[in-house]
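> Sharing my_file.txt, compact mmCIF, C-alpha atoms and all ligand atoms:
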# COMPACT_ATOMS: atom_id res chain seq x y z
CA MET A 672 11.73 -11.05 14.92
CA THR A 673 12.86 -12.80 11.76
CA LEU A 674 14.09 -11.01 8.64
CA THR A 675 10.95 -12.18 6.82
CA GLU A 676 8.79 -10.63 9.51
CA ILE A 677 10.75 -7.39 9.34
CA ILE A 678 10.37 -7.32 5.56
CA GLY A 679 6.66 -8.15 5.91
CA ALA A 680 6.27 -5.33 8.38
CA PHE A 681 7.88 -2.95 5.93
CA LYS A 682 5.60 -3.79 3.02
CA THR A 683 3.32 -0.93 3.64
CA LYS A 684 1.71 1.98 1.95
CA LEU A 685 2.87 5.48 2.77
CA ASN A 686 0.36 8.18 3.34
CA ALA A 687 2.57 11.19 2.92
CA LEU A 688 -0.17 13.62 3.91
CA ASN A 689 -0.20 12.34 7.46
CA LEU A 690 3.47 12.38 8.10
CA LEU A 691 5.33 13.77 10.99
CA ASN A 692 5.64 17.43 10.28
CA SER A 693 5.80 18.17 13.97
CA LEU A 694 8.80 15.92 14.31
CA GLU A 695 10.94 18.93 13.65
CA LYS A 696 9.88 19.96 17.13
CA ALA A 697 10.98 16.62 18.53
CA ALA A 698 14.51 17.62 17.63
CA ASP A 699 14.16 20.22 20.37
CA PHE A 700 14.08 17.41 22.92
CA TYR A 701 17.60 16.60 22.06
CA ASP A 702 20.26 17.55 24.55
CA GLU A 703 22.68 19.78 22.61
CA SER A 704 25.68 17.89 23.87
CA ASP A 705 24.38 14.76 22.14
CA ILE A 706 23.61 16.22 18.77
CA ASP A 707 25.40 14.35 16.03
CA SER A 708 23.69 16.04 13.11
CA GLU A 709 24.73 19.19 11.34
CA MET A 710 21.48 20.84 12.41
CA ASP A 711 21.97 24.47 13.31
CA ASP A 712 20.13 26.39 16.03
CA SER A 713 17.39 27.54 13.70
CA GLY A 714 16.71 23.96 12.56
CA GLU A 715 17.50 25.17 9.04
CA THR A 716 18.58 21.74 7.84
CA LEU A 717 15.21 20.25 8.79
CA LYS A 718 13.25 22.51 6.53
CA ASN A 719 13.29 20.27 3.47
CA ASN A 720 10.64 17.89 4.72
CA PRO A 721 10.26 15.31 1.93
CA TYR A 722 7.13 13.93 3.59
CA SER A 723 5.34 17.21 3.14
CA SER A 724 2.77 17.19 0.37
CA SER A 725 3.61 20.84 -0.16
CA CYS A 726 7.30 20.13 -0.38
CA SER A 727 9.00 21.95 -3.18
CA ALA A 728 12.50 22.98 -4.05
CA SER A 729 11.91 26.08 -1.98
CA ALA A 730 12.69 25.63 1.69
CA ASN A 731 10.13 28.33 2.48
CA ASN A 732 7.30 26.14 1.20
CA ALA A 733 8.61 22.92 2.58
CA PHE A 734 6.54 22.47 5.75
CA VAL A 735 3.09 20.96 5.88
CA ASN A 736 0.73 23.48 7.37
CA ASN A 737 0.64 22.66 11.06
CA ALA A 738 -2.98 23.65 11.64
CA SER A 739 -4.32 21.56 8.78
CA VAL A 740 -2.47 18.47 9.99
CA LYS A 741 -3.79 18.94 13.50
CA SER A 742 -7.39 19.29 12.36
CA LEU A 743 -7.02 16.15 10.23
CA ASP A 744 -5.70 14.26 13.23
CA ALA A 745 -8.43 15.56 15.52
CA GLU A 746 -11.10 14.38 13.09
CA ASN A 747 -9.60 10.92 12.84
CA VAL A 748 -8.98 10.65 16.55
CA SER A 749 -12.52 11.52 17.61
CA GLU A 750 -13.92 9.10 15.01
CA ASN A 751 -11.55 6.36 16.00
CA ARG A 752 -12.15 6.73 19.74
CA LYS A 753 -15.27 4.65 19.17
CA VAL A 754 -13.44 1.67 17.70
CA PRO A 755 -10.30 0.23 19.31
CA LEU A 756 -7.23 0.04 17.09
CA ILE A 757 -6.33 -3.20 18.86
CA LYS A 758 -8.59 -5.39 20.97
CA LEU A 759 -7.72 -8.52 22.94
CA ASN A 760 -10.80 -10.52 23.82
CA ASP A 761 -10.37 -13.25 26.49
CA VAL A 762 -6.89 -14.00 25.16
CA TRP A 763 -4.94 -17.00 26.43
CA LYS A 764 -1.42 -18.06 25.46
CA ILE A 765 -0.62 -21.61 26.45
CA TYR A 766 2.84 -23.10 25.92
CA PRO A 767 3.20 -26.88 25.83
CA MET A 768 5.59 -27.90 28.64
CA GLY A 769 6.20 -31.62 28.41
CA GLU A 770 3.27 -33.37 29.98
CA SER A 771 1.63 -30.25 31.36
CA ASP A 772 0.91 -26.94 29.65
CA PHE A 773 1.89 -23.49 30.92
CA ALA A 774 -0.55 -20.61 30.56
CA ALA A 775 1.57 -17.46 30.07
CA LEU A 776 -1.54 -15.32 29.48
CA ARG A 777 -4.84 -16.11 31.14
CA GLY A 778 -7.95 -14.41 29.84
CA ILE A 779 -6.65 -10.97 28.85
CA ASN A 780 -9.27 -8.37 27.88
CA LEU A 781 -7.81 -5.09 26.62
CA GLU A 782 -8.86 -2.38 24.20
CA ILE A 783 -6.33 0.13 22.86
CA TYR A 784 -7.55 3.36 21.27
CA GLU A 785 -5.95 5.89 18.98
CA GLY A 786 -3.96 8.59 20.75
CA GLU A 787 -3.23 6.60 23.89
CA PHE A 788 0.18 6.34 25.52
CA LEU A 789 -0.28 2.93 27.07
CA VAL A 790 2.29 1.44 29.43
CA VAL A 791 2.01 -2.29 30.12
CA LEU A 792 3.88 -2.79 33.37
CA GLY A 793 4.81 -6.06 35.01
CA PRO A 794 7.62 -7.97 36.73
CA SER A 795 9.87 -10.51 35.03
CA GLY A 796 7.92 -13.56 33.85
CA SER A 797 4.54 -11.83 34.13
CA GLY A 798 3.85 -12.24 30.40
CA LYS A 799 4.98 -8.88 28.99
CA SER A 800 6.79 -10.21 25.91
CA THR A 801 3.96 -12.62 25.29
CA ILE A 802 1.35 -9.87 25.41
CA MET A 803 3.53 -7.59 23.29
CA ASN A 804 3.74 -10.28 20.58
CA LEU A 805 -0.05 -10.56 20.63
CA ILE A 806 -0.71 -6.80 20.70
CA GLY A 807 1.75 -6.48 17.78
CA CYS A 808 0.01 -9.33 15.93
CA LEU A 809 3.34 -11.17 15.71
CA ASP A 810 1.80 -14.25 17.34
CA LEU A 811 -1.67 -15.81 17.55
CA PRO A 812 -3.46 -16.58 20.81
CA SER A 813 -4.09 -20.18 21.92
CA LYS A 814 -7.64 -19.13 22.86
CA GLY A 815 -9.55 -15.90 22.46
CA THR A 816 -9.42 -13.28 19.73
CA VAL A 817 -7.10 -10.42 18.73
CA PHE A 818 -8.61 -7.72 16.57
CA LEU A 819 -6.45 -5.28 14.60
CA ASN A 820 -8.54 -2.43 13.24
CA SER A 821 -11.62 -4.63 13.80
CA CYS A 822 -10.13 -7.58 11.82
CA ASP A 823 -9.87 -10.90 13.64
CA ILE A 824 -6.21 -11.57 12.87
CA SER A 825 -6.63 -15.36 13.03
CA GLU A 826 -8.82 -15.16 9.92
CA LEU A 827 -6.15 -13.43 7.82
CA GLU A 828 -3.56 -15.08 5.61
CA GLU A 829 -0.03 -14.49 6.93
CA SER A 830 0.83 -12.26 3.95
CA GLU A 831 -2.31 -10.17 4.46
CA LEU A 832 -1.62 -9.92 8.20
CA ALA A 833 1.96 -8.83 7.48
CA ARG A 834 0.66 -6.15 5.12
CA ILE A 835 -1.90 -4.76 7.58
CA ARG A 836 0.53 -5.02 10.49
CA GLY A 837 3.11 -3.17 8.40
CA GLN A 838 0.67 -0.36 7.74
CA MET A 839 -0.46 -0.10 11.33
CA ILE A 840 2.47 -0.79 13.64
CA GLY A 841 6.06 0.41 13.94
CA PHE A 842 8.16 -1.78 16.22
CA ILE A 843 10.96 -0.69 18.54
CA PHE A 844 12.79 -3.44 20.41
CA GLN A 845 15.13 -3.47 23.37
CA SER A 846 17.73 -5.16 21.16
CA PHE A 847 17.14 -2.65 18.30
CA ASN A 848 16.80 -5.39 15.60
CA LEU A 849 18.76 -3.51 12.96
CA ILE A 850 20.10 -5.45 10.02
CA PRO A 851 23.81 -5.75 10.81
CA THR A 852 25.07 -5.79 7.21
CA LEU A 853 23.19 -2.62 6.23
CA ASN A 854 24.41 0.82 7.16
CA THR A 855 22.30 3.37 9.03
CA LEU A 856 20.84 4.95 5.90
CA GLU A 857 20.09 1.55 4.32
CA ASN A 858 18.34 0.32 7.46
CA VAL A 859 15.99 3.31 7.33
CA LEU A 860 15.64 3.05 3.54
CA LEU A 861 14.50 -0.57 3.71
CA PRO A 862 10.80 0.04 4.39
CA LEU A 863 10.69 2.73 1.73
CA GLU A 864 12.29 0.43 -0.82
CA PHE A 865 9.68 -2.21 -0.10
CA GLN A 866 7.05 0.33 -0.97
CA GLU A 867 8.82 0.85 -4.26
CA GLU A 868 9.28 4.47 -3.38
CA ASP A 869 11.17 6.48 -5.99
CA PRO A 870 14.83 5.97 -4.98
CA HIS A 871 15.63 9.69 -4.93
CA THR A 872 12.61 10.53 -2.73
CA ALA A 873 13.30 7.50 -0.52
CA ARG A 874 16.84 8.70 0.15
CA LYS A 875 15.56 12.18 0.97
CA LYS A 876 13.02 10.73 3.40
CA ALA A 877 15.54 8.42 5.08
CA ALA A 878 18.03 11.28 5.37
CA TYR A 879 15.31 13.51 6.83
CA LEU A 880 14.36 10.96 9.50
CA LEU A 881 18.02 10.44 10.39
CA GLU A 882 18.39 14.17 10.75
CA ILE A 883 15.40 14.30 13.08
CA VAL A 884 16.95 11.68 15.35
CA GLY A 885 20.29 13.51 15.23
CA LEU A 886 22.26 11.02 13.18
CA SER A 887 22.96 12.83 9.91
CA ASN A 888 26.65 12.25 10.23
CA LYS A 889 26.32 8.50 10.85
CA LYS A 890 24.54 7.59 7.59
CA HIS A 891 27.30 5.26 6.42
CA ASN A 892 28.05 3.57 9.73
CA LEU A 893 27.10 -0.05 10.28
CA PRO A 894 25.05 -0.80 13.44
CA SER A 895 28.21 -2.30 14.99
CA GLN A 896 29.84 1.13 14.64
CA LEU A 897 27.11 2.89 16.64
CA SER A 898 26.47 3.26 20.35
CA GLY A 899 23.38 1.65 21.88
CA GLY A 900 21.55 4.97 21.98
CA GLN A 901 22.42 5.69 18.36
CA ARG A 902 21.17 2.23 17.30
CA GLN A 903 17.89 2.82 19.08
CA ARG A 904 17.54 6.18 17.30
CA VAL A 905 18.07 4.42 13.94
CA ALA A 906 15.42 1.90 14.98
CA ILE A 907 13.04 4.78 15.76
CA ALA A 908 13.72 6.43 12.40
CA ARG A 909 13.07 3.09 10.69
CA SER A 910 9.85 2.55 12.63
CA LEU A 911 8.62 5.97 11.50
CA ALA A 912 9.52 5.60 7.82
CA VAL A 913 6.16 4.04 6.95
CA ASN A 914 4.20 6.46 9.12
CA PRO A 915 2.23 3.87 11.13
CA PRO A 916 -0.43 5.12 13.57
CA ILE A 917 0.86 2.80 16.30
CA ILE A 918 4.37 2.55 17.76
CA LEU A 919 4.88 -0.58 19.87
CA ALA A 920 8.02 -0.59 21.97
CA ASP A 921 9.39 -3.45 24.09
CA GLU A 922 11.63 -2.10 26.86
CA PRO A 923 12.88 0.60 24.46
CA THR A 924 15.25 2.05 27.04
CA GLY A 925 16.35 -1.27 28.54
CA ASN A 926 19.83 -1.20 27.00
CA LEU A 927 20.42 2.53 27.32
CA ASP A 928 21.89 4.83 29.93
CA SER A 929 19.32 6.99 31.70
CA LYS A 930 20.11 10.19 29.77
CA THR A 931 19.74 8.53 26.36
CA GLY A 932 16.74 6.60 27.63
CA ASN A 933 15.07 9.86 28.66
CA TYR A 934 15.68 11.32 25.22
CA ILE A 935 14.04 8.29 23.59
CA LEU A 936 11.02 8.59 25.92
CA GLU A 937 10.68 12.34 25.34
CA PHE A 938 10.78 11.66 21.63
CA LEU A 939 8.01 9.04 21.90
CA ASP A 940 6.07 11.43 24.14
CA GLY A 941 6.39 14.10 21.43
CA LEU A 942 5.10 11.69 18.78
CA ASN A 943 2.10 10.99 20.99
CA LYS A 944 1.32 14.58 21.93
CA LYS A 945 2.18 16.32 18.66
CA GLU A 946 1.36 13.65 16.11
CA GLY A 947 -1.42 11.81 17.95
CA LYS A 948 0.51 8.55 17.45
CA THR A 949 -0.63 5.71 19.66
CA ILE A 950 2.33 4.60 21.76
CA ILE A 951 2.37 1.24 23.54
CA ILE A 952 5.33 0.45 25.76
CA VAL A 953 5.83 -2.90 27.46
CA THR A 954 8.20 -2.61 30.42
CA HIS A 955 9.11 -3.55 33.97
CA ASP A 956 10.42 0.00 34.60
CA LEU A 957 8.16 2.03 36.89
CA GLU A 958 9.87 5.25 35.73
CA LEU A 959 8.05 5.05 32.40
CA VAL A 960 4.57 5.40 33.87
CA LYS A 961 4.98 9.19 34.07
CA TYR A 962 4.43 9.32 30.30
CA ALA A 963 1.34 7.11 30.33
CA THR A 964 -2.25 8.07 29.69
CA ARG A 965 -3.17 4.56 30.90
CA ILE A 966 -1.22 1.92 32.80
CA VAL A 967 -1.99 -1.78 32.50
CA TYR A 968 -0.54 -3.76 35.41
CA ILE A 969 0.10 -7.38 34.49
CA ARG A 970 1.05 -10.21 36.85
CA ASP A 971 1.11 -13.98 36.37
CA GLY A 972 -0.44 -13.64 32.93
CA GLN A 973 -3.44 -11.65 34.08
CA ILE A 974 -4.35 -7.97 34.18
CA GLU A 975 -4.17 -6.97 37.82
CA LYS A 976 -5.58 -3.48 37.31
CA ILE A 977 -5.82 -0.67 34.77
CA GLU A 978 -5.20 2.94 35.80
CA GLU A 979 -6.17 6.06 33.88
CA CYS A 980 -3.58 8.83 34.26
CA MET A 981 -4.08 12.56 34.57
CA ARG A 982 -1.46 13.40 31.95
CA ASP A 983 -2.12 16.08 29.33
CA LYS A 984 -4.13 14.62 26.50
CA PRO A 985 -2.50 14.60 23.06
CA GLU A 986 -3.22 17.75 21.10
CA GLY A 987 -6.28 17.27 18.96
CA ILE A 988 -8.08 14.86 21.31
CA ILE A 989 -11.33 16.20 22.64
N1 LIG B 1 8.10 -20.66 24.46
C1 LIG B 1 7.80 -20.80 25.75
N2 LIG B 1 7.60 -22.02 26.28
C2 LIG B 1 7.28 -22.16 27.58
N3 LIG B 1 7.12 -21.14 28.44
C3 LIG B 1 7.32 -19.91 27.97
C4 LIG B 1 7.67 -19.67 26.61
N4 LIG B 1 7.81 -18.32 26.44
C5 LIG B 1 7.55 -17.77 27.65
N5 LIG B 1 7.26 -18.71 28.55
C6 LIG B 1 6.90 -18.49 29.96
O1 LIG B 1 5.82 -17.59 29.98
C7 LIG B 1 5.94 -16.69 31.07
C8 LIG B 1 5.88 -15.26 30.53
O2 LIG B 1 7.01 -15.06 29.70
P1 LIG B 1 7.32 -13.63 29.09
O3 LIG B 1 8.57 -13.75 28.28
O4 LIG B 1 6.12 -13.12 28.39
O5 LIG B 1 7.57 -12.79 30.42
P2 LIG B 1 8.12 -11.29 30.59
O6 LIG B 1 7.20 -10.60 31.51
O7 LIG B 1 8.36 -10.68 29.25
O8 LIG B 1 9.50 -11.57 31.31
P3 LIG B 1 10.88 -10.72 31.24
O9 LIG B 1 10.58 -9.35 31.76
O10 LIG B 1 11.78 -11.50 32.17
O11 LIG B 1 11.34 -10.74 29.81
C9 LIG B 1 7.26 -17.01 31.76
O12 LIG B 1 6.98 -17.79 32.90
C10 LIG B 1 8.01 -17.81 30.73
O13 LIG B 1 8.85 -18.76 31.35
Kindly present the structure from the file in structure tokens form.
Ligand SMILES: Nc1ncnc2c1ncn2[C@@H]1O[C@H](COP(=O)(O)OP(=O)(O)OP(=O)(O)O)[C@@H](O)[C@H]1O

Amino acid sequence: MTLTEIIGAFKTKLNALNLLNSLEKAADFYDESDIDSEMDDSGETLKNNPYSSSCSASANNAFVNNASVKSLDAENVSENRKVPLIKLNDVWKIYPMGESDFAALRGINLEIYEGEFLVVLGPSGSGKSTIMNLIGCLDLPSKGTVFLNSCDISELEESELARIRGQMIGFIFQSFNLIPTLNTLENVLLPLEFQEEDPHTARKKAAYLLEIVGLSNKKHNLPSQLSGGQRQRVAIARSLAVNPPIILADEPTGNLDSKTGNYILEFLDGLNKKEGKTIIIVTHDLELVKYATRIVYIRDGQIEKIEECMRDKPEGII
């Protein structure tokens, strides 16, 4: 992803009312031995949630009311179950290869709905990165149509597509894609600055997200001064800063040890179950299917089969 694309993705509008109050609970997923933040057992330091519409100077009033957020989500989810967030309609991706062309995707039909935890599973070369770029509206199909929130993305100007994509999708990559010259806090601040968020509030929000991912004491470190797991946690905090309904992750645990990888997956699972976020993971790793509500098996550029899973539905989905 280029810097321009990252910046485009960050130009988005924040809906503070919808944001992440249950993320405090995600901190519970964290193995105590890994905690880098100054968070105490009671989670006291997480109580100043700057995303909360009811946030005030008083820590006692700082949380969004859990019940009201859940009912809001439930309403949206049941409405949006009728219309896919993302739809791929007979999508082909054909790369020119000298005299002959190579079809990396061949007639993909896929609808992705709000609240799903979708795992796209396939072996090397099956077309996973190609489909991820199309699902994330980072690339256009050679044939067929990709709809984002019912908009045919090929009909949008690049700037308009970047704006809508930025509102809708948070990206997490195997290689983290942090900006190397910015420190941890600045990387998370970036999307908030592009929204022209008040600098004081933006810093509070970035600090809050870093606290949630357990990196309060690494605010001033450059990405090169972080471990792989810590970089991925910064990338997650950054992807959440704009509160997108969809998180799209490409092999998010590929460069991590299994313990850190499990933490990242539990965190994404929490976002899905507690926040109703739509999670899409593209991977070759069979281990990840245990989190899925639906598995899309891809091979040689085609969908081999789609499996519904008997996992608990996200809270709020009826
Ligand atoms: N720019 C390109 N030009 C030509 N062929 C390409 C191009 N990009 C990808 N391909 C081919 O398309 C097919 C699918 O590639 P893709 O990167 O989507 O696979 P993948 O499933 O993500 O693989 P991996 O897990 O190894 O990353 C492969 O055969 C690849 O060689």
> Quick one: residues within 6 Å of ligand LIG 1 (chain B), with all atoms listed in the file, as a ChimeraX atom specification?
/A:766,775,794-801
> Every residue with an atom at most 9 Å from (12.8, -1.5, 11.1) (file coordinates; all atoms listed in the file) is what I'm after, so could you write them as a PyMOL selection string?
chain A and resi 677-678+680-681+841-843+847-850+858-859+861-862+905-912
> With distances taken over all atoms listed in the file, which residue among A:Phe788, A:Phe818, A:Trp763, A:Tyr722 lies nearest Thr949 of chain A?
A:Phe788
> Go ahead and compute the interatomic distance for atom CA of Pro894 of chain A and atom CA of Gly932 of chain A, in Å to one decimal.
18.0 Å
> Distance atom CA of Glu882 of chain A-atom CA of Gln901 of chain A, one decimal place?
12.1 Å
